[in-house]
Amino acid sequence: MATISLNIEFGGGLELLFSNQRSHRITIPANVPVSSATGQTPEDSDVPSKPVDITYLMYWLRDNLLKERAELFVENGTVRPGVLVLVNDTDWELEGEGEYQLKDGDEIVFISTLHGG
Amino acid sequence: MATISLNIEFGGGLELLFSNQRSHRITIPANVPVSSATGQTPEDSDVPSKPVDITYLMYWLRDNLLKERAELFVENGTVRPGVLVLVNDTDWELEGEGEYQLKDGDEIVFISTLHGG
Amino acid sequence: MPASPFVEPTPQLSLEDYRRYGRQMILDGFGLGGQIKLHQASVVVVGAGGLGCPALQYLAAAGIGTIGIVDHDTVEMSNLQRQVLHTEARVGVPKALSAAEAIKQLNSRVKVNPVTDALTAANALELLAPYDLILDCTDNLPTRYLLSDTAVRLGKPLVSGAAQQFEGQLCTYNLPLKSDPAGSAEEPGKGPCFRCLFPKPPAPEMAGSCEELGVLGAVTGVIGNLQALEAVKILTGLYDGKPSLLMFSALGMPPFRSVKLRSRRAACPACGVEGEKVGKIEETDYVAFCGGERPDWVARGLVEG
Amino acid sequence: MPASPFVEPTPQLSLEDYRRYGRQMILDGFGLGGQIKLHQASVVVVGAGGLGCPALQYLAAAGIGTIGIVDHDTVEMSNLQRQVLHTEARVGVPKALSAAEAIKQLNSRVKVNPVTDALTAANALELLAPYDLILDCTDNLPTRYLLSDTAVRLGKPLVSGAAQQFEGQLCTYNLPLKSDPAGSAEEPGKGPCFRCLFPKPPAPEMAGSCEELGVLGAVTGVIGNLQALEAVKILTGLYDGKPSLLMFSALGMPPFRSVKLRSRRAACPACGVEGEKVGKIEETDYVAFCGGERPDWVARGLVEG
Ligand SMILES: [Zn+2]
Ligand SMILES: [Zn+2]
């Protein structure tokens, strides 16, 4: 099964949900079900597949790395309010948000907006 | 003739020698004379050649981009004292200094040490 | 450059100003023109705390002509770990007055307008309208939304800083974009506002405060300092005309990261051109928008306790 | 965390200290232990100018137990554009005393040792030896070499900042490296010194000064602030154990860049183990080493004018 490696960073407090670890290096399938269901891979069955994208990545992180309180990370099929997602130092909004197709070696950052001062 | 493209940055005052422009994108030969002579290319004659390295780059910059006062950039076959060279955000001393073989897309920074305060 | 005996200094700048600001006036791209721009400019800093203190120091030092300071709090001992304009002797004094006193000592030529009232949806437009540029040095989410909406309504840039624990963030909302050097015929627009990035506020339980989570003093110093720097760059035109976010992680390597940000969203409720718009600022309940009261917001006077 | 009534505060920290430093003591990785480390630490800041003022503010605010300030200059009007600890009222006062006065007002519990003598090869070892950590906040090359050699000789880390025009640089020389997490048997060594990077000084004509080239105030603020932050990180153990250089370009995008640096050089004249070593610091003519007098060095008291 083809996979890709990614560098994942959490910040602004989000790292608390991920074992208090800011940096993670992960390997995920290069092709995934269109539904972004994380329990299957296209090889498993005849599910329609797509190149892996950020939407799938979010569910994969929730199901594989998140230690607690999933609702503080993903909500309504996207990151919960107050979280900004970056793709190689670029706002994901400029890259297609959840539909951005991940490439091997990409760095994806999930950061919560700070408001203290 | 095979070439490579590089991003060159000057800082700490060095940019003044290069038309006051900090960022330059250049294209140079991928293979150069072992002597680092900038007027020739290996195809020109039977000069022994090497993959282009930082020593050659320095002479190339001196001969092609430098507008004045070459002695404030290169001295005794290397950058003049007080200048630090970076290869992709790494001290060139860790990469072989002048002998580092340049790759397409590398970023080389020449920065003068500051001492004001 | 000091005035020669044969040339009168520009009426706005005195000979003493040349002496004081000389080190920046000789900078390429800054010059006398830049100093005059600062002299004629007005900046309001909302929050005279961890971010506001370093920001105010460097705005005053640079020679901004008029500086407003909005803060309804008084100085407490726990502030002195990072709020470097205040002093032990001024514990109990309203922060806006304490900060004003400090910067007047550094630069008596700056006109300082301290405001000891809380900034609210009812008074924000009036309090901030007289200024060219706004600094968000506050510490809570409802005020940040209020400031962003107000900046958009007033057409002013909002240099916003935030700091918590070991991290900081810096962004200028409603940034005046720069013309396309290729000479596009269109007027350059504005960058995104806070709502363009975060149309829905995070749930209250995600929103920690420095009181609960803590913050390292120098982290607020770095961000506040950078806010002053951004303000000076914008006022003198020396800024990058593209919207970006700076992220700082004091314990990280590398510690700084710059992020290219989205454009203004056409459907943004505050600054967009389409779709539903937010109601009048004066009628907006920002606390409710952010999910209701939190205990420290009561203490902060954001809501009736 | 405030002391409960049933637990005596650590004798070194008073109840008031808990109140003052609470915001950092609750930080993960910092805690009471971190505050005690700061309390028991001593830091000397060489230069109470553009870099030294912001550095001193945040060192004092953080609760460093003893702070030395070395500066032989007096406060001038042209300083106030960036040297934010000084005031108009203290123009003419020795900078070390002016800075000491300012930080005592912020934190009277810090023991401050102002030194109004110039730092020279003859007195550097004696002046700096009592401190745990040294900050280079100076503005000239000979003193930077002197500080690096002294720090190496004394075995202290040297947090060095520099700022000119729109740029800044930050590096800790003689950094205590951290053990290999894999548990190597070797003692971790030290990072490079200034001479490891720049064994030969730049020619005098390359070495501009802020007086000639100018500097933007907030640029010195950012670097000085980051110096204080590095000092706090090193003293509490919260620092990255690998040598790096931070470059700051106020008008650049991205503005910050972190560079991985070389290891200590075995053949370094100052800190290496092989080859020729520099002579005794006390007998070294740093001005001559850097190519001879420059007019502003005369003014600075580095050489007899
Ligand atoms: Zn908007
Ligand atoms: Zn060395």
# chains A, B, ... in the order shown; residues from 1 in each chain; ligands from 1

call {"tool": "residues_around", "arguments": {"residues": "stretch 115-117 of chain D", "least_positions_apart": "6", "cutoff": "8 Å", "atoms": "only C-alpha atoms", "output": "ChimeraX atom specification"}}
result
/D:68-73,94-97

call {"tool": "residues_near_ligand", "arguments": {"ligand": "ligand 2", "cutoff": "6 Å", "atoms": "only C-alpha atoms and all ligand atoms", "output": "PDB file with N, CA, C and O atoms, in the first residue's frame"}}
result
ATOM      1  N   PRO D 192      30.167  26.863  20.027  1.00  0.00           N
ATOM      2  CA  PRO D 192      31.254  27.693  19.535  1.00  0.00           C
ATOM      3  C   PRO D 192      31.313  29.047  20.255  1.00  0.00           C
ATOM      4  O   PRO D 192      30.326  29.480  20.850  1.00  0.00           O
ATOM      5  N   CYS D 193      32.458  29.686  20.203  1.00  0.00           N
ATOM      6  CA  CYS D 193      32.590  31.054  20.693  1.00  0.00           C
ATOM      7  C   CYS D 193      32.600  31.993  19.483  1.00  0.00           C
ATOM      8  O   CYS D 193      32.536  31.542  18.339  1.00  0.00           O
ATOM      9  N   ARG D 195      34.975  33.685  18.252  1.00  0.00           N
ATOM     10  CA  ARG D 195      36.145  33.465  17.399  1.00  0.00           C
ATOM     11  C   ARG D 195      36.024  32.187  16.571  1.00  0.00           C
ATOM     12  O   ARG D 195      36.653  32.083  15.523  1.00  0.00           O
ATOM     13  N   CYS D 196      35.249  31.225  17.062  1.00  0.00           N
ATOM     14  CA  CYS D 196      35.050  30.008  16.251  1.00  0.00           C
ATOM     15  C   CYS D 196      34.362  30.377  14.932  1.00  0.00           C
ATOM     16  O   CYS D 196      34.621  29.760  13.901  1.00  0.00           O
ATOM     17  N   ARG D 264      32.055  23.868  18.269  1.00  0.00           N
ATOM     18  CA  ARG D 264      33.305  24.497  18.717  1.00  0.00           C
ATOM     19  C   ARG D 264      34.444  23.961  17.851  1.00  0.00           C
ATOM     20  O   ARG D 264      34.476  22.778  17.531  1.00  0.00           O
ATOM     21  N   ARG D 265      35.332  24.876  17.458  1.00  0.00           N
ATOM     22  CA  ARG D 265      36.449  24.450  16.622  1.00  0.00           C
ATOM     23  C   ARG D 265      37.634  24.031  17.483  1.00  0.00           C
ATOM     24  O   ARG D 265      38.071  24.779  18.350  1.00  0.00           O
ATOM     25  N   CYS D 268      40.331  26.578  17.542  1.00  0.00           N
ATOM     26  CA  CYS D 268      39.977  27.967  17.841  1.00  0.00           C
ATOM     27  C   CYS D 268      41.015  28.569  18.771  1.00  0.00           C
ATOM     28  O   CYS D 268      41.353  27.979  19.799  1.00  0.00           O
ATOM     29  N   ALA D 270      40.750  30.808  20.872  1.00  0.00           N
ATOM     30  CA  ALA D 270      40.255  31.144  22.206  1.00  0.00           C
ATOM     31  C   ALA D 270      39.787  29.921  22.978  1.00  0.00           C
ATOM     32  O   ALA D 270      40.116  29.761  24.142  1.00  0.00           O
ATOM     33  N   CYS D 271      38.997  29.074  22.334  1.00  0.00           N
ATOM     34  CA  CYS D 271      38.351  28.009  23.105  1.00  0.00           C
ATOM     35  C   CYS D 271      38.709  26.622  22.627  1.00  0.00           C
ATOM     36  O   CYS D 271      38.218  25.641  23.172  1.00  0.00           O
ATOM     37  N   GLY D 272      39.570  26.528  21.641  1.00  0.00           N
ATOM     38  CA  GLY D 272      39.903  25.212  21.105  1.00  0.00           C
ATOM     39  C   GLY D 272      40.936  24.504  21.965  1.00  0.00           C
ATOM     40  O   GLY D 272      41.427  25.029  22.966  1.00  0.00           O
TER      41      GLY D 272
END

call {"tool": "interface_residues", "arguments": {"of": "chain D", "to": "chain B", "cutoff": "9 Å", "atoms": "only C-alpha atoms", "output": "ChimeraX atom specification"}}
result
/D:47,49-52,137-141,144,161-165,167-169,197-203,206-211,215,220,224,249,257-263

call {"tool": "write_last_selection", "arguments": {"atoms": "C-alpha atoms", "output": "tab-separated table (two decimals), in the first residue's frame"}}
result
chain	number	residue	atom	x	y	z
D	47	GLY	CA	25.91	47.81	27.79
D	49	GLY	CA	21.88	51.03	25.67
D	50	GLY	CA	19.62	49.90	22.88
D	51	LEU	CA	19.99	46.21	23.62
D	52	GLY	CA	20.69	46.44	27.31
D	137	CYS	CA	24.67	44.35	24.67
D	138	THR	CA	27.60	46.36	23.41
D	139	ASP	CA	28.03	48.19	20.15
D	140	ASN	CA	31.55	47.60	18.93
D	141	LEU	CA	33.69	44.79	17.66
D	144	ARG	CA	32.64	41.68	21.44
D	161	GLY	CA	22.82	40.44	20.56
D	162	ALA	CA	23.50	42.93	17.81
D	163	ALA	CA	21.35	45.39	15.89
D	164	GLN	CA	22.02	47.84	13.09
D	165	GLN	CA	19.70	49.62	10.71
D	167	GLU	CA	18.58	44.05	11.15
D	168	GLY	CA	19.42	42.10	14.24
D	169	GLN	CA	21.35	38.99	15.22
D	197	LEU	CA	32.76	31.78	13.80
D	198	PHE	CA	34.91	34.81	13.07
D	199	PRO	CA	38.55	34.04	13.77
D	200	LYS	CA	39.55	37.14	11.83
D	201	PRO	CA	37.72	40.38	12.44
D	202	PRO	CA	36.18	42.27	9.51
D	203	ALA	CA	38.17	45.18	8.17
D	206	MET	CA	33.16	47.27	7.07
D	207	ALA	CA	32.38	47.87	10.70
D	208	GLY	CA	29.73	50.54	10.78
D	209	SER	CA	28.15	51.78	13.96
D	210	CYS	CA	24.63	52.80	14.85
D	211	GLU	CA	25.91	56.33	14.99
D	215	VAL	CA	19.03	51.82	13.76
D	220	THR	CA	17.04	46.85	19.25
D	224	GLY	CA	17.38	42.82	23.63
D	249	SER	CA	15.34	41.49	9.23
D	257	ARG	CA	15.57	32.97	10.30
D	258	SER	CA	17.23	30.38	12.55
D	259	VAL	CA	20.54	28.95	11.50
D	260	LYS	CA	22.20	25.76	12.69
D	261	LEU	CA	25.76	26.60	13.69
D	262	ARG	CA	29.04	24.77	13.66
D	263	SER	CA	30.47	23.06	16.69

call {"tool": "select_by_dssp", "arguments": {"residues": "stretch 88-274 of chain C", "states": "helix (DSSP H, G or I)", "output": "ChimeraX atom specification"}}
result
/C:88-90,95-106,124-128,141-154,194-197,204-206,210-213,217-236

call {"tool": "calpha_fit_and_write", "arguments": {"fixed": "chain A", "moving": "chain B", "output": "compact mmCIF listing (two decimals) with C-alpha atoms, in the first residue's frame"}}
result
# COMPACT_ATOMS: atom_id res chain seq x y z
CA MET B 1 -0.03 0.03 0.02
CA ALA B 2 1.41 3.35 -1.02
CA THR B 3 1.94 5.74 1.85
CA ILE B 4 3.17 9.28 2.40
CA SER B 5 5.07 10.77 5.32
CA LEU B 6 4.07 14.04 6.87
CA ASN B 7 5.37 16.39 9.56
CA ILE B 8 2.54 17.44 11.83
CA GLU B 9 2.79 20.31 14.32
CA PHE B 10 0.32 21.37 16.99
CA GLY B 11 0.38 24.72 18.71
CA GLY B 12 -1.51 27.33 20.68
CA GLY B 13 -2.53 24.72 23.23
CA LEU B 14 -3.74 22.04 20.80
CA GLU B 15 -0.71 19.94 21.62
CA LEU B 16 -2.32 19.16 24.97
CA LEU B 17 -4.76 16.94 23.14
CA PHE B 18 -1.91 15.04 21.53
CA SER B 19 0.12 13.83 24.50
CA ASN B 20 1.52 17.34 24.94
CA GLN B 21 3.77 16.69 21.98
CA ARG B 22 4.05 19.48 19.45
CA SER B 23 5.83 17.62 16.65
CA HIS B 24 4.76 14.34 15.14
CA ARG B 25 6.01 12.48 12.11
CA ILE B 26 3.39 10.21 10.64
CA THR B 27 2.84 7.88 7.73
CA ILE B 28 -0.60 7.57 6.20
CA PRO B 29 -2.07 5.91 3.14
CA ALA B 30 -1.61 7.76 -0.12
CA ASN B 31 -5.11 6.83 -1.21
CA VAL B 32 -8.12 6.75 1.03
CA PRO B 33 -11.86 6.26 0.86
CA VAL B 34 -13.78 9.22 -0.52
CA SER B 35 -15.78 9.19 2.70
CA SER B 36 -12.55 9.75 4.68
CA ALA B 37 -13.44 6.75 6.84
CA THR B 38 -10.24 5.89 8.62
CA GLY B 39 -10.91 2.25 9.32
CA GLN B 40 -10.69 1.18 5.71
CA THR B 41 -8.29 1.48 2.85
CA PRO B 42 -9.34 1.36 -0.80
CA GLU B 43 -7.64 -2.00 -1.18
CA ASP B 44 -9.88 -3.41 1.51
CA SER B 45 -12.97 -3.16 -0.59
CA ASP B 46 -14.41 -1.51 -3.61
CA VAL B 47 -14.91 1.83 -1.91
CA PRO B 48 -14.38 4.79 -4.18
CA SER B 49 -11.03 6.32 -3.38
CA LYS B 50 -9.29 9.68 -3.56
CA PRO B 51 -5.73 10.86 -3.05
CA VAL B 52 -5.35 11.51 0.67
CA ASP B 53 -6.38 15.01 1.67
CA ILE B 54 -6.49 17.15 4.81
CA THR B 55 -10.02 16.12 5.69
CA TYR B 56 -8.86 12.52 5.91
CA LEU B 57 -5.78 13.59 7.83
CA MET B 58 -7.91 15.27 10.47
CA TYR B 59 -9.93 12.12 11.02
CA TRP B 60 -6.80 10.01 11.00
CA LEU B 61 -5.24 12.22 13.68
CA ARG B 62 -8.42 12.10 15.70
CA ASP B 63 -8.59 8.33 15.52
CA ASN B 64 -4.90 7.53 15.91
CA LEU B 65 -3.15 10.27 17.89
CA LEU B 66 -5.78 12.11 19.85
CA LYS B 67 -5.75 11.08 23.47
CA GLU B 68 -8.84 12.91 24.66
CA ARG B 69 -11.72 15.18 23.84
CA ALA B 70 -12.07 14.71 20.11
CA GLU B 71 -14.64 17.49 19.99
CA LEU B 72 -11.90 19.97 20.81
CA PHE B 73 -10.18 19.10 17.54
CA VAL B 74 -12.69 18.15 14.88
CA GLU B 75 -16.26 19.43 14.61
CA ASN B 76 -18.76 19.19 11.77
CA GLY B 77 -16.29 17.67 9.36
CA THR B 78 -13.63 20.29 9.84
CA VAL B 79 -11.35 21.64 12.53
CA ARG B 80 -13.31 23.17 15.39
CA PRO B 81 -13.62 26.96 15.50
CA GLY B 82 -10.51 28.86 16.50
CA VAL B 83 -8.09 26.48 14.84
CA LEU B 84 -6.03 27.55 11.85
CA VAL B 85 -4.51 24.95 9.56
CA LEU B 86 -1.29 25.65 7.69
CA VAL B 87 0.13 23.80 4.72
CA ASN B 88 3.87 24.42 4.39
CA ASP B 89 3.58 27.82 6.07
CA THR B 90 0.54 28.80 4.03
CA ASP B 91 -3.04 29.31 5.25
CA TRP B 92 -4.95 26.21 4.14
CA GLU B 93 -7.68 28.46 2.75
CA LEU B 94 -5.28 29.31 -0.06
CA GLU B 95 -4.66 25.64 -0.73
CA GLY B 96 -8.18 24.25 -0.86
CA GLU B 97 -8.74 23.64 2.85
CA GLY B 98 -9.88 20.07 3.50
CA GLU B 99 -9.58 19.15 -0.14
CA TYR B 100 -5.87 19.94 -0.40
CA GLN B 101 -4.16 16.80 -1.64
CA LEU B 102 -1.27 15.94 0.65
CA LYS B 103 2.17 15.28 -0.78
CA ASP B 104 4.98 13.30 0.75
CA GLY B 105 7.04 15.52 3.03
CA ASP B 106 4.36 18.17 3.55
CA GLU B 107 4.25 19.95 6.88
CA ILE B 108 0.76 20.51 8.26
CA VAL B 109 0.33 22.74 11.31
CA PHE B 110 -2.79 22.90 13.46
CA ILE B 111 -2.71 25.97 15.65
CA SER B 112 -5.22 27.44 18.01
CA THR B 113 -5.66 31.19 17.98
CA LEU B 114 -4.25 32.79 21.12
CA HIS B 115 -6.01 35.65 22.78
CA GLY B 116 -4.10 36.26 26.00
CA GLY B 117 -1.87 39.28 26.44

call {"tool": "interface_residues", "arguments": {"of": "chain D", "to": "chain C", "cutoff": "6 Å", "atoms": "only C-alpha atoms", "output": "PDB file with C-alpha atoms, in the first residue's frame"}}
result
ATOM      1  CA  ARG D  19       2.167  36.895  43.912  1.00  0.00           C
ATOM      2  CA  ARG D  20       4.555  38.671  41.593  1.00  0.00           C
ATOM      3  CA  TYR D  21       5.869  35.687  39.692  1.00  0.00           C
ATOM      4  CA  ARG D  23       2.082  33.894  36.004  1.00  0.00           C
ATOM      5  CA  GLN D  24       5.354  32.169  35.151  1.00  0.00           C
ATOM      6  CA  ILE D  26       2.404  28.006  36.886  1.00  0.00           C
ATOM      7  CA  LEU D  27       4.020  27.310  33.530  1.00  0.00           C
ATOM      8  CA  TYR D  58      12.753  41.607  31.378  1.00  0.00           C
ATOM      9  CA  ALA D  61      10.760  41.524  35.791  1.00  0.00           C
ATOM     10  CA  ALA D  62      11.462  37.783  35.705  1.00  0.00           C
ATOM     11  CA  MET D  77      18.972  62.781  24.159  1.00  0.00           C
ATOM     12  CA  SER D  78      19.829  60.720  21.083  1.00  0.00           C
ATOM     13  CA  GLN D  81      14.792  56.932  20.617  1.00  0.00           C
ATOM     14  CA  ARG D  82      15.480  53.351  21.726  1.00  0.00           C
ATOM     15  CA  THR D  87      14.357  59.246  30.730  1.00  0.00           C
ATOM     16  CA  GLU D  88      14.589  62.889  29.804  1.00  0.00           C
ATOM     17  CA  GLN D 105      11.416  50.762  40.490  1.00  0.00           C
ATOM     18  CA  LEU D 106      10.086  47.732  38.647  1.00  0.00           C
ATOM     19  CA  GLY D 214      21.364  54.317  12.170  1.00  0.00           C
ATOM     20  CA  VAL D 215      19.033  51.817  13.764  1.00  0.00           C
ATOM     21  CA  LEU D 216      15.285  51.516  14.215  1.00  0.00           C
ATOM     22  CA  ALA D 218      12.092  48.620  17.951  1.00  0.00           C
ATOM     23  CA  VAL D 222      13.263  42.863  19.795  1.00  0.00           C
ATOM     24  CA  LEU D 229      14.414  35.382  27.080  1.00  0.00           C
ATOM     25  CA  PRO D 254       9.964  36.197   6.573  1.00  0.00           C
ATOM     26  CA  SER D 258      17.226  30.375  12.545  1.00  0.00           C
TER      27      SER D 258
END

call {"tool": "closest_residue", "arguments": {"among": "C:Asn113, C:Ser14, C:Thr150, C:Thr66", "to": "ligand 1", "atoms": "only C-alpha atoms and all ligand atoms"}}
result
C:Thr150

call {"tool": "atom_distance", "arguments": {"atom1": "atom CA of D:Ile281", "atom2": "atom CA of D:Phe194"}}
result
14.6 Å

call {"tool": "residues_around", "arguments": {"residues": "C:Pro142", "least_positions_apart": "3", "cutoff": "7 Å", "atoms": "only C-alpha atoms", "output": "tab-separated table (two decimals) with N, CA and C atoms, in the first residue's frame"}}
result
chain	number	residue	atom	x	y	z
C	145	TYR	N	-12.78	40.37	19.05
C	145	TYR	CA	-13.77	40.48	17.98
C	145	TYR	C	-14.30	41.92	17.87
C	146	LEU	N	-14.52	42.54	19.01
C	146	LEU	CA	-14.99	43.92	19.02
C	146	LEU	C	-13.99	44.83	18.31
C	286	TYR	N	-20.76	40.87	22.45
C	286	TYR	CA	-19.59	40.08	22.10
C	286	TYR	C	-19.35	38.95	23.09
C	287	VAL	N	-19.72	39.16	24.32
C	287	VAL	CA	-19.53	38.10	25.31
C	287	VAL	C	-20.42	36.91	24.97
C	290	CYS	N	-19.18	34.93	22.11
C	290	CYS	CA	-18.07	34.04	22.44
C	290	CYS	C	-18.46	32.94	23.41
